[in-house]
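Chemist: Okay, handing you the structure first.
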Amino acid sequence: MYTDSHIHLQDYKTHNIKNVVTNAIKNNVVHFINPSAHPSDWETVAALAAQYPEVTPAFGVHPWYIADMAPDWRQKLEFYLEQNPVAYVGECGVDRLKNPDTAAQIDIFKRHIELAQQYQRPLIIHAVKADSEMSELFPVLPPRTVFHSFTGSAEWGKNIQKHGFYIGLNFSILRKKNAAEILNALDLNRILLETDGPYQNIERGVETLPQNLPTLAQKIAELREIPYAELAQIIAANQTEFLGEK
């Protein structure tokens, strides 16, 4: 049984959310971590978690949208965390590819880290071209932190995992020419699987569906040259440890 550790159910356009969830469950994807990206998402994400018991919400501000925030954004974020005791914090982080000016991004990101620590919640990080910025913040990140949609270097991935954090892998890793090299360097005991749906499909312009998560696991197992059942067992153990699943 799989968890899609990062999916934006609120963003599906060509698929009905109920069908997305139902078809995933039929394919042994039975749990969904549903991050928000913008304060305008928070109420929708909370409502989806209330409607579907398989969905765990996450509340945060994606670094792409920090300019849109109202002055009281932190208080509102804290309100949603208080109202949703199982909610994660995120996604949040730093993206130097989108915006090379990192000062404001880091300041907002630190506020998310503080809330994750205060409420003892897992933290979901979006980090692009920000290795040095993230390294400096390693000491203050909560133990249950995941760097989602990882496509960085093998060395950077090992460094993240060495500090006890997790890496979220989706289909985008398979687009890397050196995917096998990266995957063989990573500690499988510190990875989670995700779709980042409806984004990150191998086929451009087509919404990614969580029902395909077992296919991702199969492809990763092939690149690691290990049996699929072995990888599935490892992922199940990781989900139990990081996500608190039974």
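Residues in the structure tokens are named by chain (A, B, ... in the order shown) and by number from 1 within that chain; ligands are numbered from 1 in the order shown.
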Taking only C-alpha atoms into account, produce a table as JSON lines in which each residue of range 7-77 of chain A with an atom at most 9 Å from an atom of range 116-140 of chain A appears once, together with its shortest atom pair and the distance in Å to one decimal, ordered by chain and rising number.
Modeler:
```
{"residue": "A:Pro35", "atom": "CA", "partner": "A:Ile124", "partner_atom": "CA", "distance": 8.1}
{"residue": "A:Ala58", "atom": "CA", "partner": "A:Ile124", "partner_atom": "CA", "distance": 8.2}
{"residue": "A:Gly60", "atom": "CA", "partner": "A:Ile124", "partner_atom": "CA", "distance": 8.8}
{"residue": "A:His62", "atom": "CA", "partner": "A:His126", "partner_atom": "CA", "distance": 7.4}
{"residue": "A:Pro63", "atom": "CA", "partner": "A:His126", "partner_atom": "CA", "distance": 7.8}
```
Chemist: Determine, counting only C-alpha atoms, which protein, DNA and RNA residues have an atom within 7 Å of an atom of Gln211 in chain A; residues of the same chain fewer than 5 positions away are not included. Present the result as a PDB file with N, CA and C atoms, in the first residue's frame.
Modeler:
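Written output follows (selection_8.pdb):
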```pdb
ATOM      1  N   ASN A  23      -9.686   5.810  -8.061  1.00  0.00           N
ATOM      2  CA  ASN A  23      -8.862   4.977  -8.936  1.00  0.00           C
ATOM      3  C   ASN A  23      -7.484   4.715  -8.335  1.00  0.00           C
ATOM      4  N   ALA A  24      -6.973   5.676  -7.589  1.00  0.00           N
ATOM      5  CA  ALA A  24      -5.689   5.450  -6.912  1.00  0.00           C
ATOM      6  C   ALA A  24      -5.820   4.345  -5.872  1.00  0.00           C
ATOM      7  N   ASN A  27      -5.638   0.976  -7.037  1.00  0.00           N
ATOM      8  CA  ASN A  27      -4.284   0.577  -7.431  1.00  0.00           C
ATOM      9  C   ASN A  27      -3.309   0.629  -6.257  1.00  0.00           C
ATOM     10  N   VAL A  29      -2.812   2.791  -3.882  1.00  0.00           N
ATOM     11  CA  VAL A  29      -2.335   4.080  -3.386  1.00  0.00           C
ATOM     12  C   VAL A  29      -3.441   4.610  -2.490  1.00  0.00           C
TER      13      VAL A  29
END
```
Chemist: Using the chain letters and numbers from this document, which residues of range 5-194 of chain A does DSSP assign to strand (DSSP E), as JSON, numbers by chain?
Modeler: {"A": [29, 30, 31, 32, 33, 34, 35, 55, 56, 57, 58, 59, 88, 89, 90, 91, 92, 93, 94, 95, 123, 124, 125, 126, 127, 128, 145, 146, 147, 166, 167, 168, 169, 191, 192, 193]}
Chemist: What would the file look like if the residues just selected were written as an mmCIF file, in the first residue's frame with N, CA and C atoms?
Modeler:
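Result saved to selection-v4.cif:
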```cif
data_model
loop_
_atom_site.group_PDB
_atom_site.id
_atom_site.type_symbol
_atom_site.label_atom_id
_atom_site.label_comp_id
_atom_site.auth_asym_id
_atom_site.auth_seq_id
_atom_site.Cartn_x
_atom_site.Cartn_y
_atom_site.Cartn_z
ATOM 1 N N VAL A 29 -2.812 2.791 -3.882
ATOM 2 C CA VAL A 29 -2.335 4.080 -3.386
ATOM 3 C C VAL A 29 -3.441 4.610 -2.490
ATOM 4 N N VAL A 30 -3.244 4.491 -1.190
ATOM 5 C CA VAL A 30 -4.365 4.623 -0.257
ATOM 6 C C VAL A 30 -4.294 5.841 0.659
ATOM 7 N N HIS A 31 -3.242 6.648 0.503
ATOM 8 C CA HIS A 31 -3.074 7.813 1.360
ATOM 9 C C HIS A 31 -2.457 8.929 0.521
ATOM 10 N N PHE A 32 -2.854 10.172 0.803
ATOM 11 C CA PHE A 32 -2.429 11.300 -0.009
ATOM 12 C C PHE A 32 -2.051 12.467 0.899
ATOM 13 N N ILE A 33 -0.837 12.981 0.739
ATOM 14 C CA ILE A 33 -0.451 14.205 1.421
ATOM 15 C C ILE A 33 -0.685 15.347 0.434
ATOM 16 N N ASN A 34 -1.559 16.267 0.808
ATOM 17 C CA ASN A 34 -2.048 17.281 -0.126
ATOM 18 C C ASN A 34 -1.587 18.680 0.296
ATOM 19 N N PRO A 35 -0.424 19.131 -0.206
ATOM 20 C CA PRO A 35 0.074 20.454 0.179
ATOM 21 C C PRO A 35 -0.657 21.586 -0.552
ATOM 22 N N VAL A 55 -6.973 11.702 2.878
ATOM 23 C CA VAL A 55 -6.162 12.880 2.555
ATOM 24 C C VAL A 55 -5.680 13.584 3.821
ATOM 25 N N THR A 56 -4.381 13.833 3.882
ATOM 26 C CA THR A 56 -3.793 14.642 4.950
ATOM 27 C C THR A 56 -3.402 15.987 4.358
ATOM 28 N N PRO A 57 -3.871 17.090 4.941
ATOM 29 C CA PRO A 57 -3.562 18.404 4.367
ATOM 30 C C PRO A 57 -2.187 18.904 4.793
ATOM 31 N N ALA A 58 -1.665 19.828 4.015
ATOM 32 C CA ALA A 58 -0.453 20.557 4.388
ATOM 33 C C ALA A 58 -0.670 22.013 4.000
ATOM 34 N N PHE A 59 -0.274 22.909 4.884
ATOM 35 C CA PHE A 59 -0.534 24.335 4.665
ATOM 36 C C PHE A 59 0.784 25.103 4.638
ATOM 37 N N TYR A 88 0.437 18.887 7.865
ATOM 38 C CA TYR A 88 1.861 19.169 7.714
ATOM 39 C C TYR A 88 2.039 20.663 7.407
ATOM 40 N N VAL A 89 3.292 21.101 7.429
ATOM 41 C CA VAL A 89 3.629 22.459 7.027
ATOM 42 C C VAL A 89 4.280 22.406 5.641
ATOM 43 N N GLY A 90 3.715 23.147 4.683
ATOM 44 C CA GLY A 90 4.307 23.178 3.353
ATOM 45 C C GLY A 90 3.271 23.177 2.248
ATOM 46 N N GLU A 91 3.666 23.371 0.997
ATOM 47 C CA GLU A 91 5.078 23.348 0.722
ATOM 48 C C GLU A 91 5.656 24.750 0.794
ATOM 49 N N CYS A 92 6.907 24.808 1.123
ATOM 50 C CA CYS A 92 7.582 26.080 1.317
ATOM 51 C C CYS A 92 9.059 25.865 1.024
ATOM 52 N N GLY A 93 9.797 26.973 0.887
ATOM 53 C CA GLY A 93 11.218 26.803 0.638
ATOM 54 C C GLY A 93 11.845 27.951 -0.103
ATOM 55 N N VAL A 94 12.819 27.615 -0.947
ATOM 56 C CA VAL A 94 13.594 28.606 -1.683
ATOM 57 C C VAL A 94 13.800 28.106 -3.114
ATOM 58 N N ASP A 95 13.536 28.985 -4.082
ATOM 59 C CA ASP A 95 13.699 28.649 -5.491
ATOM 60 C C ASP A 95 14.510 29.753 -6.171
ATOM 61 N N LEU A 123 7.640 18.768 7.723
ATOM 62 C CA LEU A 123 7.876 19.932 6.869
ATOM 63 C C LEU A 123 8.143 19.467 5.444
ATOM 64 N N ILE A 124 7.449 20.081 4.481
ATOM 65 C CA ILE A 124 7.599 19.744 3.063
ATOM 66 C C ILE A 124 8.314 20.901 2.369
ATOM 67 N N ILE A 125 9.489 20.607 1.805
ATOM 68 C CA ILE A 125 10.346 21.648 1.250
ATOM 69 C C ILE A 125 10.384 21.592 -0.274
ATOM 70 N N HIS A 126 10.259 22.771 -0.872
ATOM 71 C CA HIS A 126 10.533 22.992 -2.290
ATOM 72 C C HIS A 126 11.856 23.736 -2.354
ATOM 73 N N ALA A 127 12.873 23.100 -2.933
ATOM 74 C CA ALA A 127 14.193 23.725 -3.005
ATOM 75 C C ALA A 127 14.769 23.528 -4.395
ATOM 76 N N VAL A 128 15.055 24.633 -5.077
ATOM 77 C CA VAL A 128 15.628 24.581 -6.423
ATOM 78 C C VAL A 128 16.832 25.514 -6.479
ATOM 79 N N THR A 145 11.441 15.988 7.902
ATOM 80 C CA THR A 145 11.497 16.935 6.796
ATOM 81 C C THR A 145 11.709 16.168 5.503
ATOM 82 N N VAL A 146 10.985 16.544 4.454
ATOM 83 C CA VAL A 146 11.163 15.923 3.145
ATOM 84 C C VAL A 146 11.437 16.998 2.107
ATOM 85 N N PHE A 147 12.484 16.773 1.301
ATOM 86 C CA PHE A 147 12.780 17.613 0.141
ATOM 87 C C PHE A 147 12.043 16.999 -1.041
ATOM 88 N N TYR A 166 14.452 13.284 4.456
ATOM 89 C CA TYR A 166 13.947 12.431 3.391
ATOM 90 C C TYR A 166 13.941 13.156 2.059
ATOM 91 N N ILE A 167 13.940 12.351 1.001
ATOM 92 C CA ILE A 167 13.852 12.850 -0.367
ATOM 93 C C ILE A 167 12.584 12.287 -0.997
ATOM 94 N N GLY A 168 11.792 13.167 -1.615
ATOM 95 C CA GLY A 168 10.597 12.736 -2.333
ATOM 96 C C GLY A 168 10.905 12.607 -3.815
ATOM 97 N N LEU A 169 10.635 11.431 -4.376
ATOM 98 C CA LEU A 169 10.899 11.159 -5.784
ATOM 99 C C LEU A 169 9.600 11.039 -6.560
ATOM 100 N N ILE A 191 13.835 7.627 1.352
ATOM 101 C CA ILE A 191 13.089 8.155 0.215
ATOM 102 C C ILE A 191 11.594 7.922 0.417
ATOM 103 N N LEU A 192 10.814 8.826 -0.154
ATOM 104 C CA LEU A 192 9.368 8.690 -0.241
ATOM 105 C C LEU A 192 8.980 8.846 -1.705
ATOM 106 N N LEU A 193 7.851 8.298 -2.069
ATOM 107 C CA LEU A 193 7.372 8.421 -3.440
ATOM 108 C C LEU A 193 6.222 9.417 -3.504
#
```
Chemist: I'd like to know which of A:Asp107, A:Asp196, A:Glu222, A:Glu43 is closest to Ser5 in chain A, using only C-alpha atoms.
Modeler: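 That would be A:Asp196, the residue with the smallest distance to Ser5 in chain A.
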Chemist: Enter the distance from CA of Ile173 in chain A to CA of Met1 in chain A, in Å, rounded to one decimal.
Modeler: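 Between these atoms lies a distance of 21.6 Å.
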Chemist: Quick one: which range 102-145 of chain A residues come within 10 Å of range 64-75 of chain A, and what is the nearest atom pair for each with the distance in Å to one decimal, counting only C-alpha atoms, rows ordered by chain and ascending number, as a tab-separated table?
Modeler:
```
residue	atom	partner	partner_atom	distance
A:Ala104	CA	A:Ile66	CA	8.0
A:Gln105	CA	A:Ile66	CA	7.1
A:Ile108	CA	A:Ile66	CA	7.6
A:Phe109	CA	A:Ile66	CA	9.7
A:Arg111	CA	A:Arg74	CA	7.6
A:His112	CA	A:Arg74	CA	8.4
A:Leu115	CA	A:Arg74	CA	9.0
A:His126	CA	A:Trp64	CA	10.0
```
Chemist: Would you please extract all helix (DSSP H, G or I) residues from range 28-208 of chain A, as assigned by DSSP on the backbone, and give them as a PyMOL selection string?
Modeler: chain A and resi 39-51+63-68+73-83+103-119+131-140+154-162+171-175+179-185+188-190
Chemist: When you look at Pro214 in chain A with a cut-off of 12 Å (counting only C-alpha atoms), what residues show up, excluding the ones that are within fewer than 6 positions of it in the same chain? I need them as a list in words.
Modeler: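 The residues that qualify are Met1, Tyr2, Thr3, Asp4, Ala24, Ile25, Lys26, Asn27, Asn28, Val29, Val30, Asn170, Phe171, Leu193, Glu194, Thr195, Ile220, Ala221, Tyr228, Ala229, Leu231, Ala232 and Ile235 of chain A.
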Chemist: Name the closest residue to Thr14 in chain A among the candidates A:Leu141, A:Ile106, A:Val206, A:Ala46; distances are taken between atoms, counting only C-alpha atoms.
Modeler: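 Checking each of A:Leu141, A:Ile106, A:Val206, A:Ala46 against Thr14 in chain A, counting only C-alpha atoms, the winner is A:Val206.
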Chemist: From the options A:Ala103, A:Ile113, A:Leu186, A:Ala50, which residue's atoms come nearest to Asn84 in chain A, counting only C-alpha atoms?
Modeler: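 For Asn84 in chain A, the nearest of the given residues is A:Ala50.
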Chemist: Name the closest residue to Ala180 in chain A among the candidates A:Ser36, A:Thr151, A:Asn19, A:Thr102; distances are taken between atoms, counting only C-alpha atoms.
Modeler: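 Among A:Ser36, A:Thr151, A:Asn19, A:Thr102, it is A:Thr151 that comes nearest to Ala180 in chain A.
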Chemist: Using only C-alpha atoms, which of A:His8, A:Leu174, A:Gln218, A:Glu181 sits nearest Glu155 in chain A?
Modeler: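 Smallest separation from Glu155 in chain A among the options: A:Glu181.
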